Each structure stands twice: as C-alpha cells, then as structure tokens.
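**Student:** First the structure, which I've put down as structure tokens, then a few questions once you've had a look.
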Amino acid sequence: MKRIVFITTLLAGLIFMFTPQKANAQCKQQMVYACATKGKSIYLRDFNTKLRSNRPHESSARWTIVLNKDAHYRFTLCTMDGYEDKVIMTLYDSQHPEKTNPYGSTYDPKTGKFTDSFDFICRKSGMYYVSIRLREGVRVRKTCAVGILSFVGSTY
Amino acid sequence: MQKFLKYTFWTLVIIFVLSIIGCNGCQKQNDTINIPQNISYQEDTEIYVANKAVVDKIVNSFPSPVEVAAIIKDLDVPFSKKYLVSPDIIENYDTNVKKALGLGVLSADLGYLNVYERTTLIIQYLSSIKRLADDLRIGQFFDFQSLKRLATSNDNLDSLIFLSLNSFMQMNQYLQQNARGNLSLLMITGVWIESLYLMTQVYKDRPDDKLKELIGDQKTLFTILYQGLKLYKGDEYFDKILHEFQKLDKIYSQITITYEKVKPEKNLQKNDSIPVYQQEETSVIHMSDQQLKDLINITEQVRNKLINL
C-alpha cells in the first residue's frame, strides 16, 4: 500500500516535471500590458522572458531589433516584486559590447544603481541587441521579466 | 480498495508514458518543418529549414507598424486618408501569400490611424485585418471585440496600440513557430513598403530635410529585407515581389551612407530622472534631389503594384 502511494506520488511529480510550462514561465499578459502602458511614450514592442539561474541558457535572453535614426526611444524593465535589483536590461551591438561598453543599461556598474528605464537617442539606423539577464551571482529558481521598447519622440 | 489503488497506479503509469511521448512530439515540432497542406505556397523544405533562422531574425527585428506613423505625427504633419490603402482591397486577395502581404499593409495603415486616433476608420481597418487573419488561421490572436471597444471609447490610445501591436506580434510568432515563416516575411514586407510609401507621400506634400534623411536611411532596412526575400527566389509570388524590389534596389544602390563622430548634446536629461544615452556616431545620407525624386516615384509604383499583385 505504502509502495503504491509512493510510486503514485513520484509519477505525479514526474508528469508535472515533463509537462511543457513555457506558457506559464513567461510573464503573464497583464504584466506586459501594465508595463507597456505605464508611461507616456508610445509602445512599440515587448521582450518577455523567463529566467532561471540554474540553467545557463535560461539566465538571459537576447533579441535583435532595428532602430531608426533620430528617434528617441525608451527601454523599460518590469520584474516580479523583489527582483528589481536582480535583473538587468541592456542595449548594445558588436561595437558596443554588452559586458564592457553597452549603449545603455538599467544597471550602472559605476554607481551600483538600478533604474527601471533608460532612454536612447539613436543616431544611425541599424540592428541592435537587447538583453535581459539575471545579475551575476543571483540565485533564482524561476522568475520572469518584461522589457518594453517605446517611442518618446523624434530628435528633430 | 486494493483494486482501486492498483487501477489508479496503472492509470498514472499510462498517463506518464503518454505525457513523455506527447512531450517528445512537442520537441520535434520545433525541429521539423510541417507545412500545412492548405497553404498555397509550395516551397522546398530543405531550403526552408536552412533559411528559417535568418528569416526569423529579420522578421523579429523589424520596427513595429506604429513607428513610422509616430515619427510622422511628431513632425506635426496633419492626418490624411489619401495615404492609406482602401480596407476593401482585401476582396482581391485570394491566396494566402496575398493575404499575408495585405495584412502587413493594412497593419501599417492601422498603426497610422491609431496614432492619429481616427476611430471610425480604425474599425473599418480592424474588420478587414480580422478577416485576413481568420483566413490565414491566425485570427485567434486578434481580439477584435476588445479592439473595437477600445477604438470606440476615448482615452484608450495606449491600450489600443498595445493590443493591436501585441496581436500583430503574436500572429507573426505563431506563423514562424508553425513553419509559415514565408507568410511572416510577407507581413513584414507589407508593413515596410506601406511605411516607406507613407513617408515618401508625406514628403511630397511637405518637404522636410529630416524626413528626407529618414527616407534615405531606409536603405538599411531595405537591404536586410531584400536579402530575406531573396531566400525564397524561385517561388512565383516572391519572384514578382523581387522583380519590383529590383527597381528600389537600383535607386538605393546609388544612395550611400557614411558614418562620422558627433559630440553628444548637452542637457538631454529631463526632470523625470530617466538616464538618457546618446550615440556618439551618426550616419550621413548622401542622396541627391533627383535620387530622392526617383525614389518617391518608384516607391509609389512598387507599392501600388504589390498591393495589386
């Protein structure tokens, strides 16, 4: 009897483990919506990702974006409560590497300060990268984060 | 009781085995290409597999259908319906490839209408987009009723833009994940050509140096998109688009872009304490007035040809 209960519980656990959880792992649409509509700038797109520190390929996510010249963009990061200083969003390209010289980030390594937004004045159209990653050393079993790209105005 | 537990045990064993098999199936779905039978586009699967990553990258990176409209509005250009394609044009679209391109064109126009808050027209365009999306079997991502409700109530511009763009992104993602990246690329092509048409037509009415730069600067996006479309060379519909794009290529290849260092502007930091970062390198567009005139004319021809292919 005990053996049956044990095996049943084990199997139930295994089923849960193997059930695809991608839909739940990313942030829910309500969170994306709240993040996208909290400022005055015009929403352009979002970057929604799950993050786990115990799986190296899931501790960060990267997107390629094309930005237009002379546009003033805003990048906003929204995290789960308590994760404000554990997740970083960065804008970079091959000439301005993410780790050493990015265009902008929600974390300033010089001051150690975190912000939930930063603005970027684009002076040349082209491809750029946006990353969202867990800060180094942070241990998180599972969380999610949303980045929002929005349009503030032209720099004309 | 013993019998019941044994029954439960074996039921769970079967569920477990099935869930493992099912999960393997999920995994395979991402790796193999399964083109639905009722998609009119006939493509070589091997080429598709090889190019999928490139096409996905292009599609995912492209600017949203709202961006150009937002830039134009920011230049204080008044609204004009004459720049837009008629929402009734969907009656001419009888294949999935035509519908996908049309969906992109109408989405760019919807972005323009959203930014200028033209409620009545928005509903007409939403109806047409909904029909195209349903025909392409991606209508489930398009919450027509909510969009219609938002369009008819004031003070909901943020929500309307969010829901429109979010639907557009989800439709695109679904097409990519289901081996229909060709349709996704066509949607982006539709958005881009309509956006370029919008910029050039506005320039014709209200010449502006900054808009001229933006039109010339589209060479960067054109080059990326043109390379993506070439991956489908050999397909009848894509060949027709490539034939039209060759005309744009002829003009854009004469326009050059160089880069130079600039000093960052001071006092960009606003009171809201959001850090402002500026690029210290800028692109300079070298385009003569004649080249611009040619580009405006060719864009008009190409756009009108594409929406009626």
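Residues are named by chain letter and number: chains run A, B, ... in the order of the structure tokens, numbers start at 1 in each chain, and ligands are numbered from 1 in the order shown.
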Once you count only C-alpha atoms, what closest atom pair and distance in Å to one decimal does each residue of chain B within 7 Å of chain A have, with rows by chain and rising residue number, as a tab-separated table?
**Tutor:**
residue	atom	partner	partner_atom	distance
B:Phe9	CA	A:Thr8	CA	6.0
B:Leu12	CA	A:Leu11	CA	6.9
B:Phe16	CA	A:Ile15	CA	5.7
B:Ser19	CA	A:Ile15	CA	6.8
B:Ile20	CA	A:Phe18	CA	6.8
B:Ser61	CA	A:Ile65	CA	4.0
B:Phe62	CA	A:Val66	CA	5.5
B:Pro63	CA	A:Val66	CA	5.9
B:Ser64	CA	A:Leu44	CA	5.8
B:Val66	CA	A:Leu44	CA	6.9
B:Glu67	CA	A:Leu44	CA	6.9
B:Ile71	CA	A:Ser154	CA	6.1
B:Asp74	CA	A:Gly153	CA	6.4
B:Asp158	CA	A:Thr37	CA	5.9
B:Ser159	CA	A:Thr37	CA	7.0
B:Ile161	CA	A:Tyr43	CA	7.0
B:Phe162	CA	A:Tyr43	CA	6.3
B:Lys210	CA	A:Tyr156	CA	6.9
B:Asp217	CA	A:Ser125	CA	6.7
B:Thr220	CA	A:Gly126	CA	6.4
B:Ile274	CA	A:Phe118	CA	5.5
B:Pro275	CA	A:Phe118	CA	5.0
B:Val276	CA	A:Asp119	CA	4.5
B:Tyr277	CA	A:Phe120	CA	4.9
B:Gln278	CA	A:Ile121	CA	4.8
B:Gln279	CA	A:Arg123	CA	5.9
B:Glu281	CA	A:Arg123	CA	6.6
B:Thr282	CA	A:Arg123	CA	4.7
B:Ser283	CA	A:Lys124	CA	5.0
**Student:** May I have the selected residues written with N, CA and C atoms, as a JSON list (two decimals), in the first residue's frame?
**Tutor:**
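Resulting contents of out-v1.json:
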[["chain", "number", "residue", "atom", "x", "y", "z"],
["B", 9, "PHE", "N", -2.89, 3.26, -9.97],
["B", 9, "PHE", "CA", -1.47, 3.14, -10.27],
["B", 9, "PHE", "C", -1.25, 2.96, -11.78],
["B", 12, "LEU", "N", -2.05, 6.00, -13.87],
["B", 12, "LEU", "CA", -0.99, 7.01, -13.82],
["B", 12, "LEU", "C", 0.22, 6.59, -14.65],
["B", 16, "PHE", "N", 1.64, 8.81, -17.59],
["B", 16, "PHE", "CA", 3.04, 9.20, -17.58],
["B", 16, "PHE", "C", 3.70, 8.88, -18.92],
["B", 19, "SER", "N", 2.45, 11.13, -21.57],
["B", 19, "SER", "CA", 2.94, 12.51, -21.45],
["B", 19, "SER", "C", 4.37, 12.61, -21.97],
["B", 20, "ILE", "N", 5.17, 11.56, -21.76],
["B", 20, "ILE", "CA", 6.54, 11.55, -22.27],
["B", 20, "ILE", "C", 6.52, 11.53, -23.79],
["B", 61, "SER", "N", 13.21, 41.34, -35.83],
["B", 61, "SER", "CA", 13.95, 42.56, -35.55],
["B", 61, "SER", "C", 13.29, 43.81, -36.14],
["B", 62, "PHE", "N", 12.36, 43.62, -37.07],
["B", 62, "PHE", "CA", 11.84, 44.79, -37.80],
["B", 62, "PHE", "C", 11.00, 45.73, -36.92],
["B", 63, "PRO", "N", 11.09, 47.03, -37.23],
["B", 63, "PRO", "CA", 10.32, 48.01, -36.44],
["B", 63, "PRO", "C", 8.82, 47.74, -36.49],
["B", 64, "SER", "N", 8.12, 48.20, -35.50],
["B", 64, "SER", "CA", 6.69, 47.92, -35.41],
["B", 64, "SER", "C", 5.91, 48.79, -36.40],
["B", 66, "VAL", "N", 3.74, 50.84, -36.01],
["B", 66, "VAL", "CA", 3.35, 52.15, -35.49],
["B", 66, "VAL", "C", 4.48, 53.18, -35.61],
["B", 67, "GLU", "N", 5.70, 52.69, -35.70],
["B", 67, "GLU", "CA", 6.85, 53.58, -35.52],
["B", 67, "GLU", "C", 6.92, 54.74, -36.53],
["B", 71, "ILE", "N", 6.61, 58.82, -35.86],
["B", 71, "ILE", "CA", 7.62, 59.81, -36.28],
["B", 71, "ILE", "C", 6.95, 60.92, -37.11],
["B", 74, "ASP", "N", 4.94, 63.18, -35.03],
["B", 74, "ASP", "CA", 5.84, 64.01, -34.24],
["B", 74, "ASP", "C", 6.36, 65.21, -35.04],
["B", 158, "ASP", "N", -3.36, 54.20, -25.56],
["B", 158, "ASP", "CA", -2.29, 53.30, -25.11],
["B", 158, "ASP", "C", -2.71, 51.84, -25.23],
["B", 159, "SER", "N", -3.90, 51.56, -24.73],
["B", 159, "SER", "CA", -4.40, 50.18, -24.75],
["B", 159, "SER", "C", -4.63, 49.71, -26.17],
["B", 161, "ILE", "N", -3.17, 50.74, -28.97],
["B", 161, "ILE", "CA", -1.89, 50.48, -29.64],
["B", 161, "ILE", "C", -1.25, 49.20, -29.10],
["B", 162, "PHE", "N", -1.32, 49.03, -27.80],
["B", 162, "PHE", "CA", -0.73, 47.83, -27.20],
["B", 162, "PHE", "C", -1.40, 46.57, -27.76],
["B", 210, "LYS", "N", 14.61, 66.41, -42.48],
["B", 210, "LYS", "CA", 14.73, 65.26, -41.60],
["B", 210, "LYS", "C", 13.99, 64.05, -42.16],
["B", 217, "ASP", "N", 17.65, 56.79, -45.25],
["B", 217, "ASP", "CA", 18.16, 55.87, -44.24],
["B", 217, "ASP", "C", 17.45, 54.52, -44.27],
["B", 220, "THR", "N", 19.03, 50.87, -45.10],
["B", 220, "THR", "CA", 19.48, 49.83, -44.16],
["B", 220, "THR", "C", 18.41, 48.73, -44.04],
["B", 274, "ILE", "N", 15.12, 59.84, -15.73],
["B", 274, "ILE", "CA", 15.45, 58.65, -16.53],
["B", 274, "ILE", "C", 16.78, 58.93, -17.25],
["B", 275, "PRO", "N", 17.77, 58.06, -17.09],
["B", 275, "PRO", "CA", 19.05, 58.32, -17.76],
["B", 275, "PRO", "C", 18.89, 58.34, -19.28],
["B", 276, "VAL", "N", 19.57, 59.28, -19.94],
["B", 276, "VAL", "CA", 19.49, 59.39, -21.39],
["B", 276, "VAL", "C", 20.86, 59.09, -21.98],
["B", 277, "TYR", "N", 20.93, 58.11, -22.87],
["B", 277, "TYR", "CA", 22.18, 57.76, -23.52],
["B", 277, "TYR", "C", 22.11, 58.17, -24.99],
["B", 278, "GLN", "N", 23.22, 58.72, -25.48],
["B", 278, "GLN", "CA", 23.25, 59.16, -26.88],
["B", 278, "GLN", "C", 24.36, 58.45, -27.62],
["B", 279, "GLN", "N", 24.13, 58.21, -28.90],
["B", 279, "GLN", "CA", 25.20, 57.65, -29.71],
["B", 279, "GLN", "C", 26.17, 58.76, -30.09],
["B", 281, "GLU", "N", 28.13, 58.49, -32.68],
["B", 281, "GLU", "CA", 28.42, 58.31, -34.10],
["B", 281, "GLU", "C", 27.11, 58.47, -34.84],
["B", 282, "THR", "N", 27.13, 59.16, -35.97],
["B", 282, "THR", "CA", 25.88, 59.35, -36.71],
["B", 282, "THR", "C", 26.06, 58.93, -38.16],
["B", 283, "SER", "N", 24.95, 58.58, -38.79],
["B", 283, "SER", "CA", 25.01, 58.23, -40.21],
["B", 283, "SER", "C", 24.70, 59.48, -41.03]]
**Student:** Using only C-alpha atoms, determine which residues lie at most 9 Å from Ser195 of chain B, disregarding the query and same-chain residues fewer than 2 positions distant; provide the list as a count of residues only.
**Tutor:** 15
**Student:** Please determine, counting only C-alpha atoms, which residue among B:Glu280, B:Arg131, B:Gln170, B:Lys219 has the shortest atom-to-atom distance to Asn48 of chain A.
**Tutor:** B:Gln170
**Student:** In Å, with one decimal, what is the gap from atom CA of Ile296 of chain B to atom CA of Ser253 of chain B?
**Tutor:**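 Taking atom CA of Ile296 of chain B and atom CA of Ser253 of chain B, their separation equals 14.9 Å.
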**Student:** Set the distance at 8 Å and use only C-alpha atoms: which residues neighbour segment 138-142 of chain A once local chain neighbours fewer than 6 positions away are removed? I'd like the list as a list of chain:residue names.
**Tutor:** A:Ala25, A:Lys50, A:Leu51, A:Arg52, A:Ser53, A:Asn54, A:Lys86
**Student:** Go ahead and dump the residues you just picked, N, CA and C atoms, as a PDB file, in the first residue's frame.
**Tutor:**
ATOM      1  N   ALA A  25       5.843  30.129 -17.866  1.00  0.00           N
ATOM      2  CA  ALA A  25       7.156  30.599 -17.443  1.00  0.00           C
ATOM      3  C   ALA A  25       7.376  32.060 -17.806  1.00  0.00           C
ATOM      4  N   LYS A  50      11.393  34.197 -19.461  1.00  0.00           N
ATOM      5  CA  LYS A  50      11.539  33.542 -18.163  1.00  0.00           C
ATOM      6  C   LYS A  50      13.027  33.557 -17.830  1.00  0.00           C
ATOM      7  N   LEU A  51      13.357  33.487 -16.571  1.00  0.00           N
ATOM      8  CA  LEU A  51      14.762  33.482 -16.151  1.00  0.00           C
ATOM      9  C   LEU A  51      14.969  32.455 -15.042  1.00  0.00           C
ATOM     10  N   ARG A  52      16.034  31.668 -15.175  1.00  0.00           N
ATOM     11  CA  ARG A  52      16.395  30.685 -14.137  1.00  0.00           C
ATOM     12  C   ARG A  52      17.906  30.683 -14.016  1.00  0.00           C
ATOM     13  N   SER A  53      18.409  30.769 -12.807  1.00  0.00           N
ATOM     14  CA  SER A  53      19.864  30.814 -12.642  1.00  0.00           C
ATOM     15  C   SER A  53      20.509  29.427 -12.733  1.00  0.00           C
ATOM     16  N   ASN A  54      19.708  28.375 -12.503  1.00  0.00           N
ATOM     17  CA  ASN A  54      20.306  27.030 -12.532  1.00  0.00           C
ATOM     18  C   ASN A  54      20.381  26.431 -13.930  1.00  0.00           C
ATOM     19  N   LYS A  86      17.774  42.478  -9.308  1.00  0.00           N
ATOM     20  CA  LYS A  86      18.336  41.159  -9.667  1.00  0.00           C
ATOM     21  C   LYS A  86      18.329  40.917 -11.169  1.00  0.00           C
TER      22      LYS A  86
END
**Student:** Could you pull out all residues of segment 151-286 of chain B with a DSSP call of strand (DSSP E) and give them as a VMD selection string?
**Tutor:** chain B and resid 256 to 261 276 to 278 281 to 286
**Student:** Go ahead and write the residues just picked, N, CA and C atoms, as an mmCIF file, in the first residue's frame.
**Tutor:**
data_model
loop_
_atom_site.group_PDB
_atom_site.id
_atom_site.type_symbol
_atom_site.label_atom_id
_atom_site.label_comp_id
_atom_site.auth_asym_id
_atom_site.auth_seq_id
_atom_site.Cartn_x
_atom_site.Cartn_y
_atom_site.Cartn_z
ATOM 1 N N THR B 256 24.388 56.516 -50.785
ATOM 2 C CA THR B 256 25.413 55.983 -49.876
ATOM 3 C C THR B 256 25.213 56.524 -48.452
ATOM 4 N N ILE B 257 25.671 55.727 -47.521
ATOM 5 C CA ILE B 257 25.593 56.127 -46.105
ATOM 6 C C ILE B 257 27.001 56.052 -45.521
ATOM 7 N N THR B 258 27.445 57.151 -44.948
ATOM 8 C CA THR B 258 28.743 57.153 -44.264
ATOM 9 C C THR B 258 28.510 57.476 -42.788
ATOM 10 N N TYR B 259 29.547 57.262 -42.006
ATOM 11 C CA TYR B 259 29.396 57.468 -40.563
ATOM 12 C C TYR B 259 30.440 58.446 -40.051
ATOM 13 N N GLU B 260 30.053 59.286 -39.141
ATOM 14 C CA GLU B 260 31.020 60.210 -38.552
ATOM 15 C C GLU B 260 30.736 60.432 -37.068
ATOM 16 N N LYS B 261 31.792 60.832 -36.359
ATOM 17 C CA LYS B 261 31.656 61.056 -34.913
ATOM 18 C C LYS B 261 30.914 62.370 -34.658
ATOM 19 N N VAL B 276 19.570 59.276 -19.938
ATOM 20 C CA VAL B 276 19.485 59.393 -21.395
ATOM 21 C C VAL B 276 20.860 59.094 -21.981
ATOM 22 N N TYR B 277 20.925 58.112 -22.865
ATOM 23 C CA TYR B 277 22.176 57.760 -23.521
ATOM 24 C C TYR B 277 22.107 58.168 -24.986
ATOM 25 N N GLN B 278 23.222 58.721 -25.481
ATOM 26 C CA GLN B 278 23.246 59.162 -26.876
ATOM 27 C C GLN B 278 24.360 58.454 -27.625
ATOM 28 N N GLU B 281 28.129 58.495 -32.680
ATOM 29 C CA GLU B 281 28.424 58.314 -34.105
ATOM 30 C C GLU B 281 27.105 58.467 -34.840
ATOM 31 N N THR B 282 27.134 59.157 -35.968
ATOM 32 C CA THR B 282 25.882 59.353 -36.708
ATOM 33 C C THR B 282 26.056 58.928 -38.160
ATOM 34 N N SER B 283 24.948 58.584 -38.787
ATOM 35 C CA SER B 283 25.005 58.234 -40.209
ATOM 36 C C SER B 283 24.696 59.483 -41.030
ATOM 37 N N VAL B 284 25.396 59.608 -42.146
ATOM 38 C CA VAL B 284 25.153 60.728 -43.053
ATOM 39 C C VAL B 284 24.667 60.139 -44.374
ATOM 40 N N ILE B 285 23.507 60.612 -44.817
ATOM 41 C CA ILE B 285 22.895 60.065 -46.030
ATOM 42 C C ILE B 285 23.310 60.928 -47.218
ATOM 43 N N HIS B 286 23.868 60.298 -48.232
ATOM 44 C CA HIS B 286 24.262 61.035 -49.441
ATOM 45 C C HIS B 286 23.265 60.693 -50.545
#
**Student:** In Å to one decimal, how far is atom CA of Leu221 of chain B from atom CA of Val59 of chain B?
**Tutor:**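 Rounded to one decimal, the two atoms are 11.2 Å apart.
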**Student:** When you look at Lys81 of chain B with a cut-off of 10 Å (counting only C-alpha atoms), what residues show up, excluding the ones that are within fewer than 6 positions of it in the same chain? I need them as a PDB file with N, CA and C atoms, in the first residue's frame.
**Tutor:**
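Result saved to out34.pdb:
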ATOM      1  N   ASP B 109      -1.186  50.760 -41.961  1.00  0.00           N
ATOM      2  CA  ASP B 109      -2.216  51.808 -42.019  1.00  0.00           C
ATOM      3  C   ASP B 109      -2.966  51.919 -40.692  1.00  0.00           C
ATOM      4  N   TYR B 112      -0.988  53.942 -38.342  1.00  0.00           N
ATOM      5  CA  TYR B 112      -1.148  55.370 -38.661  1.00  0.00           C
ATOM      6  C   TYR B 112      -2.465  55.891 -38.076  1.00  0.00           C
ATOM      7  N   LEU B 113      -3.522  55.130 -38.267  1.00  0.00           N
ATOM      8  CA  LEU B 113      -4.844  55.546 -37.762  1.00  0.00           C
ATOM      9  C   LEU B 113      -4.864  55.573 -36.233  1.00  0.00           C
ATOM     10  N   ARG B 118      -8.123  57.948 -35.273  1.00  0.00           N
ATOM     11  CA  ARG B 118      -9.263  58.053 -36.199  1.00  0.00           C
ATOM     12  C   ARG B 118     -10.225  56.884 -35.978  1.00  0.00           C
ATOM     13  N   LEU B 121     -12.491  55.074 -38.862  1.00  0.00           N
ATOM     14  CA  LEU B 121     -11.658  54.358 -39.837  1.00  0.00           C
ATOM     15  C   LEU B 121     -10.976  53.145 -39.193  1.00  0.00           C
TER      16      LEU B 121
END
**Student:** Restricting the calculation to only C-alpha atoms, which member of A:Met80, A:Thr90, A:Arg62, A:Asn101 is positioned closest to Cys144 of chain A?
**Tutor:**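 For Cys144 of chain A, the nearest of the candidates is A:Met80.
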**Student:** Just to confirm, what's the straight-line distance from atom CA of Ser94 of chain A to atom CA of Val130 of chain A in Å (one decimal)?
**Tutor:** 11.8 Å
**Student:** Could you pull the residues within 10 Å of segment 304-306 of chain B, counting only C-alpha atoms, minus those fewer than 2 positions along the same chain, as a ChimeraX atom specification?
**Tutor:** /B:85,98,101-102,105,189-190,193-194,197,240-241,244-245,298-302,308-309
**Student:** Which residues, written as a ChimeraX atom specification, have at least one atom at most 7 Å from Ile132 of chain A, with only C-alpha atoms counted and residues fewer than 4 positions away on the same chain left out?
**Tutor:** /A:60-62,87-90
**Student:** Can you spit out the residues from that selection as a compact mmCIF listing (two decimals), in the first residue's frame, using C-alpha atoms?
**Tutor:**
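Full text of out.txt as output:
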# COMPACT_ATOMS: atom_id res chain seq x y z
CA SER A 60 19.47 35.53 -20.00
CA ALA A 61 17.65 36.22 -23.24
CA ARG A 62 18.59 38.29 -26.28
CA VAL A 87 17.50 41.61 -13.36
CA ILE A 88 19.27 43.85 -15.88
CA MET A 89 18.21 45.04 -19.34
CA THR A 90 20.95 46.22 -21.72
